[in-house]
Amino acid sequence: MIILKKYQQKAVAELLEKTYKIIRTRSEQQGTKLVFKAPTGAGKTVVMAAFLKQLAEDLASEPDLPHREFAYIWIAPNQLHLQSYRSLQRFFEHNRVLRPIQFNGIDEMCLHHTDLLFLNWQSISNEKNLLVRENEQGRNLDTLIFNTLRKGRKIIVILDEAHLFGTKGKKALEVLETLKGMMEIDVSATPLQRSNFEVIVDRHDVVEEEMIKKSVVLNPAVKPEEQEGDSLTIYLLKQALKKREALAAAYEAAGTNINPLLLIQLPSDTKKQSTLDKTIRENVVAHLEHKEAIATDYGNLAIWLSDGKDKVNLEDIEKEDSPVKVLLFKQAIALGWNCPRAAVLLIYREIKQQTFTIQTVGRILRMPEHKHYEQELLNVGHVYTDLSRNAIVIVRDEMDYFLDHTARRKSELPLVNIASDYLQRKKVRNRLGAKFKQAMRHAIENTWNMKNMFQSTNHFEENRQRAKEIFLDLNIQQLELKVIKEGVFDELKVGFLAQTETATFEENMVEIMYAFRLYCRRNCGSYAPVDSGGRIEGALKVVFEEYFSVEEHQTMKVVLHPNNQPAMQTLIRAALAAYGEIMAAIRSDEQDVKIVRWEPPVALHYSQNYEAYPVKKNLYEPFYIAKRSDGLFADSSVELAFIQYLEQHADVLTWWHKNTVGGQDSFSVVYENLKGKKSSFFVDFILLFKNNVIGLFDTKTLASDAEMVGKQNALANYVRQQNESPTARQFVGGVIVPNEAGTWLYPSGEIDNNFDSSTWQVLDLKQMGS
């Protein structure tokens, strides 16, 4: 018998309360969402099992509910559904209130009252899969749902790790639509969507019940003076192993037979990555075997790589007394993997990532015996990494930490799906090409004012003197890396790591080569980093050889040194701009206008330069707005004034949305600019009135935008075409300007200038929404 913790009991009670409310008030609706959010290690599956058990028992005895016969469908990604299926099989083994089954266990192609069906997301999200496609036997999901509903039964859908379904966008919505669930329960530590019905377990309560660790420490006790010629890769490995041994001794002193596990996350070594990534793995494996007597052949090293081809010594690795001391893996360990004895995490920086995110820290949060110990060493997690402080950002994947601000679409609000113009250049790949060396030469001569060999017979010496004038140090002897020392993650806070104390380590040439590649990929501007970073590497090496007679190893030190960053950033930005101009002159200006169906994205992400702004009728929660360095809002005063105007007319609006700029996630109308070229007009505001009219408005002031005429006429034409379509909703819209009377004006059709609004109409949202 499972005894629930206090926070688990509370969560079960709240889930039941909200479910009964949904059944009583929304039983004839479809897809009402109930969000269950609980941190990693809180026992979400146990809570859901207890909730379903109590719900099934109550439904059998509650006479006043409008519906009492329910079937349940539990969906999880990858193979997590099997793990959940086995867990709930054990849970219902004796009381049999619910019957956990898999698809092949269905006999009459109908879900019976109290059936709990477990499905794998991949098996139902592809039309080619057996569970989805039509067949002669009629054994498919559509038939199952049809027969179940025909029996008068309602369906409750449970989405395990629901945040992963949110990333599937329209496909996820289509699949969920086919299930026709009366309600959908989203279970996740980090749900992407919000709901009017939410149950949230606070991390503090889970820590109080001693289910998870109190905190996580980053790079504890690292000391540069102990590096002793080791690469930083090996030094941190030694420190992580030393910490594992200390934890093993502490567990032994506590009278328990737990063998703590060290997790080592290696960089990816896909085909597009260099041999530098592979070198780290080879060095780590060699040191473990030859210096620590830890190897796969000895049974104390396990390997679990993302490609699935290299899995060694994984059997029983989760057991507390498993002989495995170290697990090597790449990227993220398989979803749902639970190993409470994992206590130390070593993460090596990865070339393809522009910022560091701790995505696997949740793996070392669980307490192996569901209790805290007298020795505090055992009550915290330990993370080691070779990332510099500036690159470390903690995100929400496992610890509720945020890299950026996330606004989530309010799930209870209706959506729009409307035509949008997407401007697409023909046959242009977003990568730097061979012409980038030419662009770099142009930049170094025009930005740094360096001379080439044809302009001076003594250009090396002259350029070196010029380098001093722009504060570019060409004589760098050694590079150092500052890493966080004794950083503490407070699990109740979010955002960037607040700790500022650092330790300084020398980097060897392999590490410098690695850092140089990472630097070049981070500075590709709008071009694809994986495909373009190599072009920047090559171009920098070439121009430093041609203009300063500096060989490539020294070039990497010069480029990476912190003191040289102002000059280097200026050069690279100038080279990227020059490349754009070169390619614009070569390429045809012909562009495609692609008509796509637009609907508001599930979530919007904002940087730390944005701040929540209090509104009520925005489609997203919270609503974020950009702030300048002086603390003022970066959005124009006209836009802010219109937002306030919209909020004042909340009674006629279902929602309003501040459009984003760029890509297919943004709504746009194509117009012809003053140069005669096609350009995208990202309309500022999209409104949905309560009478289902759609409003498209763009805030301006008179004569503020030279392109206003083209934009307004394109938008007016779009509105007219949509209103003439027999299948479209009614549209209104146009550019709008404030007037001295405190109202807003907009043109009823096309205009011929951007300075005269005397014939424009007064915007009346109440009339539009009635």
# chains A, B, ... in the order shown; residues from 1 in each chain; ligands from 1

call {"tool": "residues_around", "arguments": {"residues": "Arg466 (chain A)", "least_positions_apart": "2", "cutoff": "12 Å", "atoms": "only C-alpha atoms", "output": "list in words"}}
result
Ile444, Glu445, Thr447, Trp448, Asn449, Met450, Lys451, His459, Phe460, Glu461, Glu462, Asn463, Arg464, Lys468, Glu469, Ile470, Phe471, Leu472, Asp473, Leu474, Tyr547, Phe548 and Ala567 of chain A

call {"tool": "write_last_selection", "arguments": {"atoms": "N, CA, C and O atoms", "output": "CSV table (one decimal), in the first residue's frame"}}
result
chain,number,residue,atom,x,y,z
A,444,ILE,N,38.2,44.2,-43.0
A,444,ILE,CA,39.4,44.5,-42.3
A,444,ILE,C,40.1,45.7,-42.9
A,444,ILE,O,40.8,46.5,-42.2
A,445,GLU,N,39.9,45.9,-44.2
A,445,GLU,CA,40.5,47.1,-44.9
A,445,GLU,C,39.6,48.4,-44.6
A,445,GLU,O,40.2,49.5,-44.5
A,447,THR,N,37.1,48.7,-42.1
A,447,THR,CA,36.7,48.9,-40.7
A,447,THR,C,37.9,49.2,-39.9
A,447,THR,O,37.9,50.1,-39.0
A,448,TRP,N,38.9,48.3,-40.1
A,448,TRP,CA,40.2,48.5,-39.3
A,448,TRP,C,41.2,49.3,-40.0
A,448,TRP,O,42.3,49.6,-39.5
A,449,ASN,N,40.9,49.7,-41.3
A,449,ASN,CA,41.9,50.5,-42.1
A,449,ASN,C,43.2,49.8,-42.3
A,449,ASN,O,44.3,50.4,-42.2
A,450,MET,N,43.2,48.5,-42.5
A,450,MET,CA,44.4,47.7,-42.8
A,450,MET,C,44.7,47.8,-44.3
A,450,MET,O,43.9,47.9,-45.1
A,451,LYS,N,46.0,47.6,-44.6
A,451,LYS,CA,46.5,47.6,-46.0
A,451,LYS,C,46.8,46.2,-46.4
A,451,LYS,O,47.3,45.4,-45.7
A,459,HIS,N,53.4,46.2,-45.5
A,459,HIS,CA,52.1,46.2,-44.9
A,459,HIS,C,52.0,45.5,-43.6
A,459,HIS,O,51.2,45.8,-42.7
A,460,PHE,N,52.8,44.4,-43.4
A,460,PHE,CA,52.8,43.7,-42.1
A,460,PHE,C,53.1,44.6,-41.0
A,460,PHE,O,52.3,44.7,-40.0
A,461,GLU,N,54.2,45.4,-41.1
A,461,GLU,CA,54.6,46.2,-40.0
A,461,GLU,C,53.6,47.4,-39.8
A,461,GLU,O,53.3,47.8,-38.7
A,462,GLU,N,53.1,48.0,-40.9
A,462,GLU,CA,52.2,49.0,-40.8
A,462,GLU,C,50.8,48.6,-40.2
A,462,GLU,O,50.2,49.3,-39.3
A,463,ASN,N,50.4,47.4,-40.5
A,463,ASN,CA,49.2,46.9,-40.0
A,463,ASN,C,49.3,46.5,-38.5
A,463,ASN,O,48.4,46.7,-37.7
A,464,ARG,N,50.5,46.1,-38.1
A,464,ARG,CA,50.7,45.8,-36.6
A,464,ARG,C,50.7,47.1,-35.8
A,464,ARG,O,50.2,47.1,-34.7
A,468,LYS,N,47.7,48.3,-32.8
A,468,LYS,CA,47.9,48.9,-31.5
A,468,LYS,C,47.0,50.1,-31.3
A,468,LYS,O,46.5,50.3,-30.2
A,469,GLU,N,46.8,50.8,-32.4
A,469,GLU,CA,46.0,52.0,-32.3
A,469,GLU,C,44.5,51.7,-32.0
A,469,GLU,O,43.8,52.5,-31.4
A,470,ILE,N,44.1,50.5,-32.5
A,470,ILE,CA,42.7,50.1,-32.3
A,470,ILE,C,42.6,49.2,-31.1
A,470,ILE,O,41.6,48.5,-30.9
A,471,PHE,N,43.6,49.1,-30.3
A,471,PHE,CA,43.7,48.3,-29.1
A,471,PHE,C,43.5,46.8,-29.4
A,471,PHE,O,42.7,46.1,-28.7
A,472,LEU,N,44.1,46.3,-30.4
A,472,LEU,CA,44.1,44.9,-30.8
A,472,LEU,C,45.5,44.3,-30.4
A,472,LEU,O,46.5,44.7,-31.0
A,473,ASP,N,45.5,43.4,-29.4
A,473,ASP,CA,46.7,42.8,-29.0
A,473,ASP,C,47.0,41.6,-29.8
A,473,ASP,O,46.3,40.6,-29.7
A,474,LEU,N,48.1,41.6,-30.6
A,474,LEU,CA,48.5,40.4,-31.4
A,474,LEU,C,49.4,39.5,-30.7
A,474,LEU,O,49.8,38.5,-31.2
A,547,TYR,N,47.3,39.8,-43.5
A,547,TYR,CA,47.4,41.2,-43.1
A,547,TYR,C,48.4,41.4,-41.9
A,547,TYR,O,48.9,42.5,-41.7
A,548,PHE,N,48.7,40.4,-41.1
A,548,PHE,CA,49.6,40.5,-39.9
A,548,PHE,C,50.7,39.5,-39.9
A,548,PHE,O,51.5,39.6,-39.0
A,567,ALA,N,37.2,45.2,-30.8
A,567,ALA,CA,37.7,45.2,-32.1
A,567,ALA,C,37.2,44.0,-32.9
A,567,ALA,O,36.8,44.1,-34.1

call {"tool": "select_by_dssp", "arguments": {"residues": "region 487-572 of chain A", "states": "alpha helix (DSSP H)", "output": "PyMOL selection string"}}
result
chain A and resi 509-522+529-548+552-560+565-572

call {"tool": "write_last_selection", "arguments": {"atoms": "N, CA and C atoms", "output": "short mmCIF file (atom, residue, chain, number, x, y, z; two decimals), in the first residue's frame"}}
result
data_model
loop_
_atom_site.label_atom_id
_atom_site.label_comp_id
_atom_site.auth_asym_id
_atom_site.auth_seq_id
_atom_site.Cartn_x
_atom_site.Cartn_y
_atom_site.Cartn_z
N MET A 509 45.90 23.86 -25.97
CA MET A 509 45.60 24.15 -27.37
C MET A 509 44.33 23.44 -27.84
N VAL A 510 44.09 22.23 -27.38
CA VAL A 510 42.86 21.54 -27.78
C VAL A 510 41.64 22.31 -27.29
N GLU A 511 41.70 22.80 -26.06
CA GLU A 511 40.59 23.58 -25.52
C GLU A 511 40.44 24.91 -26.23
N ILE A 512 41.57 25.50 -26.64
CA ILE A 512 41.51 26.76 -27.39
C ILE A 512 40.86 26.53 -28.74
N MET A 513 41.22 25.45 -29.42
CA MET A 513 40.60 25.13 -30.71
C MET A 513 39.10 24.94 -30.54
N TYR A 514 38.72 24.29 -29.47
CA TYR A 514 37.31 24.06 -29.19
C TYR A 514 36.58 25.38 -28.95
N ALA A 515 37.20 26.23 -28.13
CA ALA A 515 36.59 27.52 -27.81
C ALA A 515 36.50 28.41 -29.05
N PHE A 516 37.49 28.33 -29.93
CA PHE A 516 37.50 29.13 -31.15
C PHE A 516 36.33 28.73 -32.06
N ARG A 517 36.12 27.45 -32.19
CA ARG A 517 35.00 26.98 -33.00
C ARG A 517 33.67 27.43 -32.41
N LEU A 518 33.55 27.31 -31.11
CA LEU A 518 32.32 27.75 -30.43
C LEU A 518 32.11 29.25 -30.62
N TYR A 519 33.18 30.03 -30.51
CA TYR A 519 33.10 31.48 -30.67
C TYR A 519 32.60 31.85 -32.06
N CYS A 520 33.13 31.20 -33.07
CA CYS A 520 32.74 31.51 -34.45
C CYS A 520 31.28 31.16 -34.69
N ARG A 521 30.81 30.08 -34.11
CA ARG A 521 29.41 29.71 -34.29
C ARG A 521 28.48 30.67 -33.56
N ARG A 522 28.97 31.24 -32.47
CA ARG A 522 28.14 32.19 -31.74
C ARG A 522 28.03 33.53 -32.45
N PRO A 529 24.40 28.71 -37.62
CA PRO A 529 25.71 28.54 -36.98
C PRO A 529 26.46 27.28 -37.42
N VAL A 530 25.75 26.14 -37.49
CA VAL A 530 26.43 24.90 -37.83
C VAL A 530 27.04 24.95 -39.22
N ASP A 531 26.31 25.56 -40.15
CA ASP A 531 26.79 25.62 -41.54
C ASP A 531 27.72 26.80 -41.80
N SER A 532 27.71 27.81 -40.94
CA SER A 532 28.43 29.05 -41.23
C SER A 532 29.65 29.29 -40.34
N GLY A 533 29.68 28.62 -39.19
CA GLY A 533 30.80 28.85 -38.27
C GLY A 533 32.14 28.55 -38.90
N GLY A 534 32.20 27.49 -39.69
CA GLY A 534 33.46 27.14 -40.34
C GLY A 534 33.95 28.20 -41.31
N ARG A 535 33.02 28.89 -41.95
CA ARG A 535 33.40 29.97 -42.88
C ARG A 535 34.07 31.11 -42.12
N ILE A 536 33.53 31.44 -40.94
CA ILE A 536 34.13 32.51 -40.14
C ILE A 536 35.50 32.07 -39.63
N GLU A 537 35.62 30.82 -39.18
CA GLU A 537 36.92 30.30 -38.75
C GLU A 537 37.97 30.48 -39.84
N GLY A 538 37.64 29.99 -41.03
CA GLY A 538 38.59 30.03 -42.14
C GLY A 538 38.94 31.45 -42.55
N ALA A 539 37.94 32.32 -42.60
CA ALA A 539 38.18 33.70 -43.03
C ALA A 539 39.07 34.44 -42.04
N LEU A 540 38.85 34.25 -40.74
CA LEU A 540 39.68 34.91 -39.74
C LEU A 540 41.13 34.44 -39.83
N LYS A 541 41.33 33.15 -39.98
CA LYS A 541 42.71 32.63 -40.09
C LYS A 541 43.40 33.18 -41.33
N VAL A 542 42.66 33.28 -42.44
CA VAL A 542 43.25 33.77 -43.69
C VAL A 542 43.65 35.24 -43.57
N VAL A 543 42.75 36.09 -43.06
CA VAL A 543 43.07 37.53 -43.03
C VAL A 543 44.15 37.84 -42.00
N PHE A 544 44.22 37.13 -40.90
CA PHE A 544 45.30 37.38 -39.95
C PHE A 544 46.65 36.96 -40.52
N GLU A 545 46.65 35.93 -41.35
CA GLU A 545 47.88 35.53 -42.05
C GLU A 545 48.25 36.55 -43.12
N GLU A 546 47.27 37.00 -43.89
CA GLU A 546 47.54 37.91 -45.00
C GLU A 546 47.88 39.33 -44.56
N TYR A 547 47.29 39.79 -43.46
CA TYR A 547 47.43 41.19 -43.07
C TYR A 547 48.41 41.40 -41.91
N PHE A 548 48.66 40.35 -41.10
CA PHE A 548 49.56 40.52 -39.94
C PHE A 548 50.68 39.49 -39.89
N GLU A 552 47.90 30.40 -37.55
CA GLU A 552 46.53 30.14 -37.13
C GLU A 552 46.37 29.87 -35.64
N HIS A 553 47.34 29.21 -34.99
CA HIS A 553 47.20 28.96 -33.56
C HIS A 553 47.22 30.27 -32.78
N GLN A 554 48.09 31.20 -33.18
CA GLN A 554 48.13 32.50 -32.54
C GLN A 554 46.88 33.31 -32.86
N THR A 555 46.37 33.14 -34.08
CA THR A 555 45.13 33.83 -34.47
C THR A 555 44.00 33.48 -33.52
N MET A 556 43.87 32.21 -33.17
CA MET A 556 42.80 31.79 -32.28
C MET A 556 42.91 32.47 -30.92
N LYS A 557 44.13 32.60 -30.40
CA LYS A 557 44.31 33.27 -29.11
C LYS A 557 43.94 34.74 -29.21
N VAL A 558 44.36 35.39 -30.31
CA VAL A 558 44.06 36.80 -30.50
C VAL A 558 42.56 37.03 -30.58
N VAL A 559 41.89 36.19 -31.36
CA VAL A 559 40.45 36.35 -31.55
C VAL A 559 39.69 36.14 -30.25
N LEU A 560 40.14 35.20 -29.43
CA LEU A 560 39.38 34.83 -28.23
C LEU A 560 39.66 35.71 -27.02
N GLN A 565 37.89 41.87 -27.71
CA GLN A 565 36.51 41.69 -28.16
C GLN A 565 35.88 42.92 -28.81
N PRO A 566 36.10 44.14 -28.32
CA PRO A 566 35.50 45.28 -29.02
C PRO A 566 35.92 45.35 -30.49
N ALA A 567 37.21 45.16 -30.76
CA ALA A 567 37.69 45.20 -32.14
C ALA A 567 37.19 44.01 -32.94
N MET A 568 37.19 42.82 -32.34
CA MET A 568 36.78 41.62 -33.06
C MET A 568 35.29 41.67 -33.40
N GLN A 569 34.48 42.11 -32.47
CA GLN A 569 33.04 42.17 -32.74
C GLN A 569 32.74 43.16 -33.86
N THR A 570 33.46 44.28 -33.87
CA THR A 570 33.27 45.26 -34.93
C THR A 570 33.64 44.67 -36.28
N LEU A 571 34.75 43.94 -36.32
CA LEU A 571 35.20 43.33 -37.58
C LEU A 571 34.20 42.30 -38.09
N ILE A 572 33.76 41.39 -37.23
CA ILE A 572 32.88 40.32 -37.68
C ILE A 572 31.53 40.87 -38.13
#

call {"tool": "residues_around", "arguments": {"residues": "Glu209 (chain A)", "least_positions_apart": "5", "cutoff": "9 Å", "atoms": "only C-alpha atoms", "output": "list in words"}}
result
Lys5, Lys6, Tyr7, His204, His370, Lys371 and His372 of chain A

call {"tool": "residues_around", "arguments": {"residues": "Trp121 (chain A)", "least_positions_apart": "5", "cutoff": "8 Å", "atoms": "only C-alpha atoms", "output": "list in words"}}
result
Ile75, Ala76, Pro77 and Asn78 of chain A

call {"tool": "write_last_selection", "arguments": {"atoms": "N, CA and C atoms", "output": "mmCIF file, in the first residue's frame"}}
result
data_model
loop_
_atom_site.group_PDB
_atom_site.id
_atom_site.type_symbol
_atom_site.label_atom_id
_atom_site.label_comp_id
_atom_site.auth_asym_id
_atom_site.auth_seq_id
_atom_site.Cartn_x
_atom_site.Cartn_y
_atom_site.Cartn_z
ATOM 1 N N ILE A 75 -1.548 8.975 -22.564
ATOM 2 C CA ILE A 75 -0.599 9.083 -23.679
ATOM 3 C C ILE A 75 0.732 9.606 -23.161
ATOM 4 N N ALA A 76 1.815 8.993 -23.609
ATOM 5 C CA ALA A 76 3.156 9.421 -23.215
ATOM 6 C C ALA A 76 4.102 9.265 -24.402
ATOM 7 N N PRO A 77 5.154 10.078 -24.472
ATOM 8 C CA PRO A 77 6.099 9.990 -25.586
ATOM 9 C C PRO A 77 7.091 8.849 -25.418
ATOM 10 N N ASN A 78 7.694 8.472 -26.551
ATOM 11 C CA ASN A 78 8.722 7.421 -26.585
ATOM 12 C C ASN A 78 8.192 6.157 -25.921
#

call {"tool": "residues_around", "arguments": {"residues": "Tyr645 (chain A)", "least_positions_apart": "4", "cutoff": "12 Å", "atoms": "only C-alpha atoms", "output": "list in words"}}
result
Val615, Lys617, Val638, Glu639, Leu640, Ala641, His649, Ala650, Asp651, Leu653, Trp656, Thr699, Pro738, Gly742, Thr743, Trp744, Leu763, Asp764, Leu765 and Lys766 of chain A

call {"tool": "write_last_selection", "arguments": {"atoms": "all heavy atoms", "output": "short mmCIF file (atom, residue, chain, number, x, y, z; two decimals), in the first residue's frame"}}
result
data_model
loop_
_atom_site.label_atom_id
_atom_site.label_comp_id
_atom_site.auth_asym_id
_atom_site.auth_seq_id
_atom_site.Cartn_x
_atom_site.Cartn_y
_atom_site.Cartn_z
N VAL A 615 -2.00 43.36 -18.12
CA VAL A 615 -3.18 43.49 -18.97
C VAL A 615 -4.09 42.31 -18.69
O VAL A 615 -3.66 41.30 -18.13
CB VAL A 615 -2.82 43.55 -20.47
CG1 VAL A 615 -2.01 44.79 -20.81
CG2 VAL A 615 -2.04 42.29 -20.88
N LYS A 617 -6.81 41.29 -21.27
CA LYS A 617 -7.43 40.70 -22.46
C LYS A 617 -6.43 40.19 -23.48
O LYS A 617 -6.82 39.80 -24.58
CB LYS A 617 -8.36 41.71 -23.13
CG LYS A 617 -9.51 42.16 -22.26
CD LYS A 617 -10.40 41.00 -21.81
CE LYS A 617 -11.21 40.42 -22.94
NZ LYS A 617 -12.18 39.41 -22.49
N VAL A 638 2.81 55.27 -28.75
CA VAL A 638 1.56 55.08 -29.49
C VAL A 638 1.04 53.65 -29.29
O VAL A 638 -0.14 53.43 -29.06
CB VAL A 638 1.76 55.38 -30.99
CG1 VAL A 638 0.47 55.13 -31.76
CG2 VAL A 638 2.23 56.82 -31.18
N GLU A 639 1.94 52.66 -29.36
CA GLU A 639 1.53 51.28 -29.15
C GLU A 639 1.01 51.08 -27.72
O GLU A 639 0.00 50.40 -27.51
CB GLU A 639 2.70 50.33 -29.43
CG GLU A 639 3.06 50.23 -30.90
CD GLU A 639 4.19 49.25 -31.14
OE1 GLU A 639 4.89 48.92 -30.16
OE2 GLU A 639 4.38 48.84 -32.30
N LEU A 640 1.70 51.65 -26.75
CA LEU A 640 1.25 51.52 -25.36
C LEU A 640 -0.11 52.18 -25.16
O LEU A 640 -0.97 51.65 -24.43
CB LEU A 640 2.28 52.15 -24.42
CG LEU A 640 3.60 51.39 -24.27
CD1 LEU A 640 4.59 52.19 -23.44
CD2 LEU A 640 3.37 50.02 -23.66
N ALA A 641 -0.31 53.32 -25.80
CA ALA A 641 -1.60 54.00 -25.70
C ALA A 641 -2.72 53.15 -26.30
O ALA A 641 -3.84 53.09 -25.76
CB ALA A 641 -1.53 55.36 -26.38
N HIS A 649 -11.74 48.63 -23.60
CA HIS A 649 -12.88 48.10 -24.36
C HIS A 649 -12.93 46.57 -24.26
O HIS A 649 -13.29 45.87 -25.21
CB HIS A 649 -12.80 48.54 -25.82
CG HIS A 649 -13.00 50.01 -26.01
ND1 HIS A 649 -12.02 50.94 -25.76
CD2 HIS A 649 -14.10 50.72 -26.40
CE1 HIS A 649 -12.48 52.16 -26.00
NE2 HIS A 649 -13.74 52.05 -26.38
N ALA A 650 -12.55 46.07 -23.11
CA ALA A 650 -12.50 44.62 -22.90
C ALA A 650 -13.86 43.95 -23.06
O ALA A 650 -13.94 42.77 -23.37
CB ALA A 650 -11.92 44.32 -21.51
N ASP A 651 -14.93 44.71 -22.86
CA ASP A 651 -16.26 44.12 -22.90
C ASP A 651 -16.66 43.63 -24.28
O ASP A 651 -17.57 42.81 -24.42
CB ASP A 651 -17.30 45.10 -22.37
CG ASP A 651 -17.30 46.41 -23.14
OD1 ASP A 651 -16.22 46.83 -23.59
OD2 ASP A 651 -18.38 47.02 -23.28
N LEU A 653 -14.21 42.54 -26.58
CA LEU A 653 -13.10 41.75 -27.12
C LEU A 653 -13.01 40.39 -26.44
O LEU A 653 -13.12 40.28 -25.21
CB LEU A 653 -11.77 42.48 -26.93
CG LEU A 653 -11.57 43.78 -27.71
CD1 LEU A 653 -10.26 44.44 -27.29
CD2 LEU A 653 -11.57 43.51 -29.21
N TRP A 656 -6.90 40.20 -27.56
CA TRP A 656 -6.06 40.91 -28.53
C TRP A 656 -4.65 40.34 -28.45
O TRP A 656 -4.24 39.80 -27.42
CB TRP A 656 -6.07 42.43 -28.28
CG TRP A 656 -5.57 42.87 -26.92
CD1 TRP A 656 -6.31 43.11 -25.80
CD2 TRP A 656 -4.21 43.14 -26.54
NE1 TRP A 656 -5.53 43.50 -24.76
CE2 TRP A 656 -4.22 43.54 -25.18
CE3 TRP A 656 -2.99 43.08 -27.21
CZ2 TRP A 656 -3.05 43.86 -24.48
CZ3 TRP A 656 -1.82 43.41 -26.52
CH2 TRP A 656 -1.87 43.79 -25.17
N THR A 699 -0.47 50.58 -35.52
CA THR A 699 -0.40 51.93 -34.97
C THR A 699 0.68 52.76 -35.66
O THR A 699 1.79 52.29 -35.89
CB THR A 699 -0.10 51.90 -33.46
OG1 THR A 699 1.07 51.13 -33.24
CG2 THR A 699 -1.26 51.28 -32.70
N PRO A 738 -3.53 58.27 -33.59
CA PRO A 738 -4.26 59.00 -32.56
C PRO A 738 -4.51 60.43 -33.00
O PRO A 738 -3.73 61.01 -33.77
CB PRO A 738 -3.30 58.94 -31.36
CG PRO A 738 -1.94 58.87 -31.98
CD PRO A 738 -2.10 58.10 -33.25
N GLY A 742 -8.32 62.52 -28.52
CA GLY A 742 -8.17 61.33 -27.69
C GLY A 742 -8.78 60.10 -28.30
O GLY A 742 -8.93 59.07 -27.62
N THR A 743 -9.15 60.14 -29.57
CA THR A 743 -9.69 58.97 -30.26
C THR A 743 -8.66 58.48 -31.28
O THR A 743 -7.58 59.03 -31.42
CB THR A 743 -11.02 59.32 -30.96
OG1 THR A 743 -10.79 60.40 -31.87
CG2 THR A 743 -12.07 59.73 -29.95
N TRP A 744 -9.05 57.45 -32.02
CA TRP A 744 -8.17 56.88 -33.03
C TRP A 744 -8.86 56.96 -34.39
O TRP A 744 -10.07 56.76 -34.49
CB TRP A 744 -7.85 55.42 -32.70
CG TRP A 744 -7.07 55.27 -31.43
CD1 TRP A 744 -7.57 55.22 -30.17
CD2 TRP A 744 -5.65 55.17 -31.31
NE1 TRP A 744 -6.57 55.10 -29.26
CE2 TRP A 744 -5.37 55.05 -29.92
CE3 TRP A 744 -4.60 55.14 -32.22
CZ2 TRP A 744 -4.07 54.92 -29.43
CZ3 TRP A 744 -3.30 55.02 -31.72
CH2 TRP A 744 -3.04 54.91 -30.36
N LEU A 763 -12.25 55.30 -35.02
CA LEU A 763 -12.30 53.89 -34.64
C LEU A 763 -13.31 53.70 -33.51
O LEU A 763 -13.22 54.35 -32.46
CB LEU A 763 -10.91 53.43 -34.19
CG LEU A 763 -10.77 51.97 -33.77
CD1 LEU A 763 -11.01 51.05 -34.96
CD2 LEU A 763 -9.40 51.71 -33.15
N ASP A 764 -14.27 52.81 -33.72
CA ASP A 764 -15.31 52.53 -32.73
C ASP A 764 -15.37 51.02 -32.49
O ASP A 764 -16.05 50.28 -33.20
CB ASP A 764 -16.66 53.05 -33.22
CG ASP A 764 -17.74 52.96 -32.15
OD1 ASP A 764 -17.53 52.25 -31.15
OD2 ASP A 764 -18.80 53.60 -32.32
N LEU A 765 -14.64 50.57 -31.49
CA LEU A 765 -14.57 49.13 -31.22
C LEU A 765 -15.92 48.57 -30.78
O LEU A 765 -16.26 47.42 -31.11
CB LEU A 765 -13.52 48.84 -30.14
CG LEU A 765 -12.05 49.12 -30.51
CD1 LEU A 765 -11.13 48.66 -29.39
CD2 LEU A 765 -11.66 48.40 -31.81
N LYS A 766 -16.69 49.35 -30.05
CA LYS A 766 -18.00 48.85 -29.60
C LYS A 766 -18.90 48.55 -30.78
O LYS A 766 -19.63 47.57 -30.80
CB LYS A 766 -18.64 49.87 -28.66
CG LYS A 766 -17.96 49.97 -27.30
CD LYS A 766 -18.74 50.84 -26.36
CE LYS A 766 -18.06 50.90 -24.98
NZ LYS A 766 -18.04 49.58 -24.32
#
